[in-house]
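Colleague: Input structure: protein15.txt, which contains compact mmCIF, C-alpha atoms.
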# COMPACT_ATOMS: atom_id res chain seq x y z
CA MET L 1 123.08 93.18 118.16
CA LEU L 2 122.38 94.23 121.72
CA LYS L 3 121.37 91.63 124.24
CA VAL L 4 118.95 92.53 126.98
CA LYS L 5 117.15 90.72 129.75
CA LEU L 6 113.45 91.38 129.96
CA PHE L 7 111.64 91.25 133.31
CA PHE L 8 107.86 91.19 133.61
CA PHE L 9 105.28 90.95 136.30
CA PRO L 10 103.94 87.38 136.38
CA LEU L 11 100.48 88.42 135.15
CA ILE L 12 98.87 91.47 133.59
CA LEU L 13 95.08 91.56 133.77
CA LEU L 14 92.84 93.63 131.58
CA PHE L 15 89.12 93.62 132.38
CA SER L 16 86.39 94.12 129.81
CA CYS L 17 82.63 94.24 130.12
CA SER L 18 82.37 90.64 128.96
CA ASN L 19 85.42 88.71 130.13
CA THR L 20 88.84 88.84 131.75
CA LYS L 21 91.76 89.19 129.34
CA LEU L 22 95.07 87.74 130.40
CA LEU L 23 98.28 88.97 128.77
CA PHE L 24 101.54 86.99 128.55
CA ASN L 25 100.05 83.77 129.92
CA GLY L 26 102.71 81.40 131.31
CA LEU L 27 105.45 84.05 131.26
CA PRO L 28 108.69 82.95 132.99
CA ASN L 29 110.41 85.20 135.53
CA HIS L 30 112.90 86.48 132.95
CA ILE L 31 113.54 86.16 129.22
CA ASN L 32 116.71 86.74 127.22
CA SER L 33 116.06 88.69 124.04
CA LYS L 34 118.30 90.15 121.32
CA ILE L 35 117.46 93.60 120.00
CA PRO L 36 117.99 93.61 116.22
CA GLU L 37 119.74 96.51 114.53
CA ALA L 38 117.62 98.36 111.96
CA ILE L 39 118.12 97.32 108.33
CA ILE L 40 118.24 100.07 105.71
CA ALA L 41 115.55 99.71 103.05
CA ASN L 42 114.53 101.45 99.83
CA GLY L 43 112.81 104.75 100.62
CA ASP L 44 114.69 105.31 103.88
CA LEU L 45 116.07 108.76 104.55
CA LEU L 46 119.61 108.64 105.93
CA ASP L 47 121.48 111.22 107.96
CA VAL L 48 125.14 110.80 106.99
CA THR L 49 127.67 112.63 109.18
CA ILE L 50 131.25 112.60 107.90
CA SER L 51 134.07 114.06 109.97
CA SER L 52 137.83 113.92 110.52
CA LEU L 53 140.57 115.76 112.40
CA ASN L 54 140.83 118.09 109.43
CA SER L 55 137.28 119.40 109.03
CA GLN L 56 138.10 121.17 105.77
CA SER L 57 138.86 117.85 104.10
CA THR L 58 135.33 116.51 104.69
CA ILE L 59 133.22 119.57 103.76
CA ILE L 60 133.02 118.54 100.10
CA PHE L 61 131.35 115.24 101.05
CA THR L 62 128.50 116.90 102.94
CA GLN L 63 125.23 118.11 101.40
CA ASN L 64 124.53 121.82 102.04
CA SER L 65 127.64 121.89 104.22
CA LEU L 66 128.02 125.67 104.12
CA GLU L 67 124.59 126.09 105.72
CA ARG L 68 125.45 123.68 108.53
CA ILE L 69 128.66 125.30 109.75
CA GLY L 70 128.24 126.82 113.19
CA SER L 71 124.62 125.65 113.54
CA ILE L 72 122.85 122.85 115.37
CA ARG L 73 120.59 120.87 113.06
CA ASN L 74 117.16 119.88 114.27
CA LEU L 75 115.36 116.83 112.93
CA GLU L 76 113.55 118.70 110.16
CA SER L 77 116.73 120.27 108.81
CA ARG L 78 118.42 116.86 108.95
CA LYS L 79 115.58 115.46 106.85
CA LEU L 80 116.05 118.21 104.27
CA ASP L 81 119.76 117.36 104.03
CA GLY L 82 119.21 113.60 104.22
CA TYR L 83 120.10 111.03 101.58
CA LEU L 84 117.14 109.13 100.14
CA VAL L 85 117.75 105.45 99.41
CA ASP L 86 116.57 105.11 95.82
CA TYR L 87 114.68 102.28 94.09
CA ASN L 88 118.00 100.52 93.42
CA GLY L 89 118.89 100.65 97.11
CA GLU L 90 121.64 103.26 96.65
CA ILE L 91 122.46 106.78 97.83
CA ASP L 92 124.58 109.29 95.93
CA ILE L 93 127.29 110.93 98.04
CA PRO L 94 129.27 113.86 96.54
CA ILE L 95 132.65 112.82 95.09
CA ILE L 96 132.21 109.18 96.16
CA GLY L 97 129.21 108.61 93.90
CA LYS L 98 126.51 105.96 94.27
CA ILE L 99 126.95 103.35 96.98
CA LYS L 100 124.72 100.43 97.98
CA ALA L 101 122.83 100.92 101.25
CA SER L 102 119.67 98.79 101.14
CA GLY L 103 119.87 95.53 103.08
CA LEU L 104 122.70 96.73 105.35
CA THR L 105 122.64 97.84 108.96
CA CYS L 106 123.68 101.43 109.67
CA SER L 107 126.98 100.28 111.22
CA THR L 108 127.83 98.05 108.25
CA PHE L 109 126.97 100.79 105.78
CA SER L 110 129.07 103.26 107.79
CA ASP L 111 132.06 100.96 107.32
CA SER L 112 131.39 100.83 103.55
CA VAL L 113 131.28 104.62 103.29
CA LYS L 114 134.37 104.96 105.49
CA PHE L 115 136.29 102.59 103.22
CA LYS L 116 135.39 104.69 100.17
CA LEU L 117 136.39 107.90 101.97
CA MET L 118 139.86 106.67 102.88
CA GLU L 119 140.91 107.37 99.30
CA TYR L 120 140.33 111.09 99.94
CA VAL L 121 140.38 111.64 103.72
CA LYS L 122 142.80 110.53 106.42
CA ASN L 123 141.14 108.66 109.32
CA PRO L 124 137.52 109.59 108.47
CA SER L 125 134.64 109.02 110.88
CA VAL L 126 131.18 108.17 109.56
CA LYS L 127 127.90 108.07 111.47
CA ILE L 128 124.68 107.02 109.75
CA LYS L 129 121.14 107.13 111.10
CA ILE L 130 117.69 106.43 109.64
CA ILE L 131 115.74 109.64 110.25
CA ASN L 132 112.32 108.71 108.84
CA PHE L 133 111.86 105.60 111.02
CA ARG L 134 108.13 105.63 111.68
CA VAL L 135 105.56 103.05 112.84
CA SER L 136 101.77 103.31 113.04
CA ILE L 137 99.06 101.76 115.18
CA LEU L 138 95.30 101.92 114.67
CA GLY L 139 92.17 100.19 115.83
CA GLU L 140 91.23 99.38 119.42
CA VAL L 141 93.85 101.48 121.24
CA ASN L 142 93.31 104.72 123.12
CA ASN L 143 95.57 106.91 120.98
CA PRO L 144 95.92 105.53 117.44
CA SER L 145 98.61 107.43 115.57
CA SER L 146 101.94 107.32 113.74
CA TYR L 147 105.09 107.61 115.84
CA GLU L 148 108.61 108.63 114.87
CA VAL L 149 111.31 106.44 116.41
CA LEU L 150 114.53 108.40 116.81
CA ASN L 151 116.57 105.52 118.24
CA GLN L 152 115.61 103.25 115.29
CA ASN L 153 114.27 100.56 117.60
CA ILE L 154 110.84 99.91 119.08
CA SER L 155 109.01 96.79 120.25
CA LEU L 156 105.33 96.05 119.80
CA THR L 157 104.64 96.43 123.52
CA GLU L 158 106.41 99.82 123.60
CA LEU L 159 104.29 101.04 120.69
CA ILE L 160 101.12 99.87 122.45
CA SER L 161 102.24 101.78 125.54
CA LYS L 162 102.80 104.95 123.48
CA ALA L 163 99.29 104.50 122.09
CA GLY L 164 97.84 104.57 125.60
CA GLY L 165 97.13 100.85 125.88
CA PHE L 166 94.21 98.77 124.67
CA LYS L 167 90.53 99.56 124.76
CA LYS L 168 88.33 97.03 126.50
CA SER L 169 87.06 95.85 123.12
CA ALA L 170 90.50 94.87 121.77
CA ASP L 171 91.07 91.36 120.42
CA LEU L 172 94.41 90.49 122.05
CA LYS L 173 94.73 87.15 120.27
CA ASN L 174 94.90 88.58 116.75
CA ILE L 175 97.12 91.65 116.63
CA MET L 176 97.87 92.22 112.94
CA ILE L 177 101.21 93.64 111.76
CA ILE L 178 101.57 94.84 108.18
CA ARG L 179 105.15 95.00 106.86
CA ASN L 180 106.70 95.94 103.53
CA THR L 181 109.41 93.36 102.80
CA ASN L 182 111.35 93.67 99.53
CA ASN L 183 108.48 95.67 97.99
CA GLN L 184 105.95 93.00 99.04
CA ILE L 185 103.28 93.48 101.69
CA VAL L 186 103.49 90.81 104.42
CA THR L 187 100.98 90.40 107.25
CA ASN L 188 101.40 88.49 110.48
CA TYR L 189 99.20 87.93 113.53
CA LEU L 190 100.43 87.82 117.12
CA ASP L 191 98.66 86.42 120.18
CA LEU L 192 99.44 88.66 123.14
CA THR L 193 97.74 86.28 125.57
CA SER L 194 100.77 83.99 125.18
CA TYR L 195 104.32 85.09 125.99
CA GLU L 196 105.60 83.19 122.93
CA PHE L 197 104.92 86.26 120.76
CA LEU L 198 108.11 87.70 122.30
CA ASN L 199 110.08 85.24 120.15
CA SER L 200 108.43 86.38 116.92
CA ASP L 201 110.34 88.25 114.20
CA PHE L 202 107.50 90.77 114.39
CA TYR L 203 107.93 91.61 118.09
CA TYR L 204 110.55 94.23 117.26
CA LEU L 205 109.02 96.51 114.66
CA LYS L 206 110.71 97.72 111.48
CA GLN L 207 110.41 101.10 109.83
CA ASN L 208 106.98 101.76 108.31
CA ASP L 209 105.34 98.80 110.09
CA GLN L 210 101.61 99.21 110.68
CA VAL L 211 99.83 97.57 113.61
CA TYR L 212 96.08 96.98 113.59
CA VAL L 213 94.19 95.99 116.75
CA LYS L 214 90.76 94.77 115.75
CA PRO L 215 87.71 94.54 118.06
CA ASP L 216 86.90 91.19 119.62
CA ASP L 217 83.91 89.10 118.54
CA THR L 218 81.82 90.11 121.56
CA SER L 219 82.20 93.80 120.75
CA LEU L 220 81.41 93.21 117.09
CA GLN L 221 78.24 91.30 117.98
CA PHE L 222 77.25 94.00 120.48
CA ASP L 223 77.83 96.82 117.97
CA TYR L 224 76.04 94.92 115.21
CA GLY L 225 73.11 94.23 117.55
CA ILE L 226 72.76 97.91 118.37
CA PHE L 227 73.00 98.88 114.70
CA ARG L 228 70.42 96.24 113.75
CA ASN L 229 68.00 97.30 116.51
CA VAL L 230 68.38 101.00 115.66
CA SER L 231 67.76 100.22 111.99
CA LEU L 232 64.68 98.16 112.87
CA LEU L 233 63.35 100.91 115.15
CA SER L 234 63.90 103.47 112.38
CA LEU L 235 62.01 101.26 109.91
CA ILE L 236 59.06 100.79 112.31
CA THR L 237 58.93 104.54 113.01
CA THR L 238 58.90 105.26 109.28
CA ILE L 239 56.05 102.78 108.69
CA ILE L 240 53.95 104.20 111.57
CA PHE L 241 54.53 107.74 110.29
CA TYR L 242 53.55 106.67 106.77
CA PHE L 243 50.23 105.07 107.84
CA ASN L 244 49.35 108.03 110.06
CA GLU L 245 49.58 110.41 107.09
What does the file become when written as structure tokens?
Modeller:
Amino acid sequence: MLKVKLFFFPLILLFSCSNTKLLFNGLPNHINSKIPEAIIANGDLLDVTISSLNSQSTIIFTQNSLERIGSIRNLESRKLDGYLVDYNGEIDIPIIGKIKASGLTCSTFSDSVKFKLMEYVKNPSVKIKIINFRVSILGEVNNPSSYEVLNQNISLTELISKAGGFKKSADLKNIMIIRNTNNQIVTNYLDLTSYEFLNSDFYYLKQNDQVYVKPDDTSLQFDYGIFRNVSLLSLITTIIFYFNE
């Protein structure tokens, strides 16, 4: 795990039409935080790069290797050649066969593959990367969308920044995160008005996490009031039109 030191401005103010929203209330001058390494899960697509001093000895372990020689692979071609982690949490590498990947970090799984390769290749090198790492955000943000994460690591605040920040109507005390854990859907709510959310297991997002920012109560009441008044006005207009016929 990497260890980083996070520095923040003492206060971040967001103004809405109804009240002042304060983010990270009570935030100290600096916070120590560990960045977790991504855990491979069922359904992940892995880019497995195997190499050694003798390149000919590793060609047989690479999918579509003849098409890769002398070319630079972009992300889409890497996805086409990627290894899908199946329902049993395994990938099937030529010659080596099926090997367990789910539940391991990329570095740990690299060591497992390297150990298997040593039976066939002298001093192999293995690099593994999750290439379909994607998170989504919707609701009261300026640019709701899905985002690919090439470095396999993204925090909630970074995702919010990519989405263009909050709308004025956002409920900052109930940010919902939807996560698939061991084939079960888990939801959790974070309060961004308190810095303690930085210590949550949901602060650093995992692949396929979905974040929903719902509107605050004031906005809901305002929108409902407009809808109700428009509906009432429409009803009155219809009645007047009917009696004038």
Colleague: Which residue out of L:Ser102, L:Gln56, L:Thr108, L:Ser136 has the minimum interatomic distance to Val213 (chain L) when all atoms listed in the file are used?
Modeller: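 Using all atoms listed in the file, Val213 (chain L) sits closest to L:Ser136.
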Colleague: Grab the CA of Pro215 (chain L) to CA of Met176 (chain L) distance for me, in Å with one decimal place.
Modeller: 11.6 Å
Colleague: Between CA of Leu159 (chain L) and CA of Asn143 (chain L), what is the spacing in Å?
Modeller: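 The value is 10.5 Å.
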Colleague: Can you tell me, as an MDAnalysis selection string, what residues are no more than 12 Å from Asp44 (chain L) when counting only C-alpha atoms, ignoring any on the same chain fewer than 3 positions away?
Modeller: chainID L and resid 38:41 47 79 82:91 101:104 106 128:134 152 206:208
Colleague: From the options L:Ile185, L:Gly97, L:Val149, L:Phe197, which residue's atoms come nearest to Leu117 (chain L), counting all atoms listed in the file?
Modeller: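 Among the listed residues, the smallest separation from Leu117 (chain L) belongs to L:Gly97.
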Colleague: Find, counting all atoms listed in the file, the residue in L:Tyr212, L:Tyr195, L:Tyr189, L:Phe109 that gets nearest to Gly139 (chain L).
Modeller: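 The shortest atom-to-atom distance to Gly139 (chain L) comes from L:Tyr212.
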Colleague: Can you pull out every residue within 8 Å of Pro94 (chain L), counting all atoms listed in the file, but drop anything in the same chain fewer than 2 positions away, and send it as a ChimeraX atom specification?
Modeller: /L:60-63,92,96-97
Colleague: Kindly indicate which residue among L:Ser194, L:Ile99, L:Asp216, L:Ile137 lies nearest to Lys168 (chain L), using all atoms listed in the file for the distances.
Modeller: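 Ranked by minimum distance to Lys168 (chain L), first place goes to L:Asp216.
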Colleague: So, with only C-alpha atoms as the atoms that count, which of L:Lys98, L:Glu119, L:Asp111, L:Pro36 lies closest to Thr58 (chain L)?
Modeller: L:Glu119
Colleague: Considering all atoms listed in the file, can you say which of L:Lys214, L:Asn142, L:Leu53, L:Asp201 comes closest to Lys122 (chain L)?
Modeller: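 Between L:Lys214, L:Asn142, L:Leu53, L:Asp201, the residue approaching Lys122 (chain L) most closely is L:Leu53.
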Colleague: In Å to one decimal, how far is CA of Ser155 (chain L) from CA of Leu46 (chain L)?
Modeller: 21.4 Å
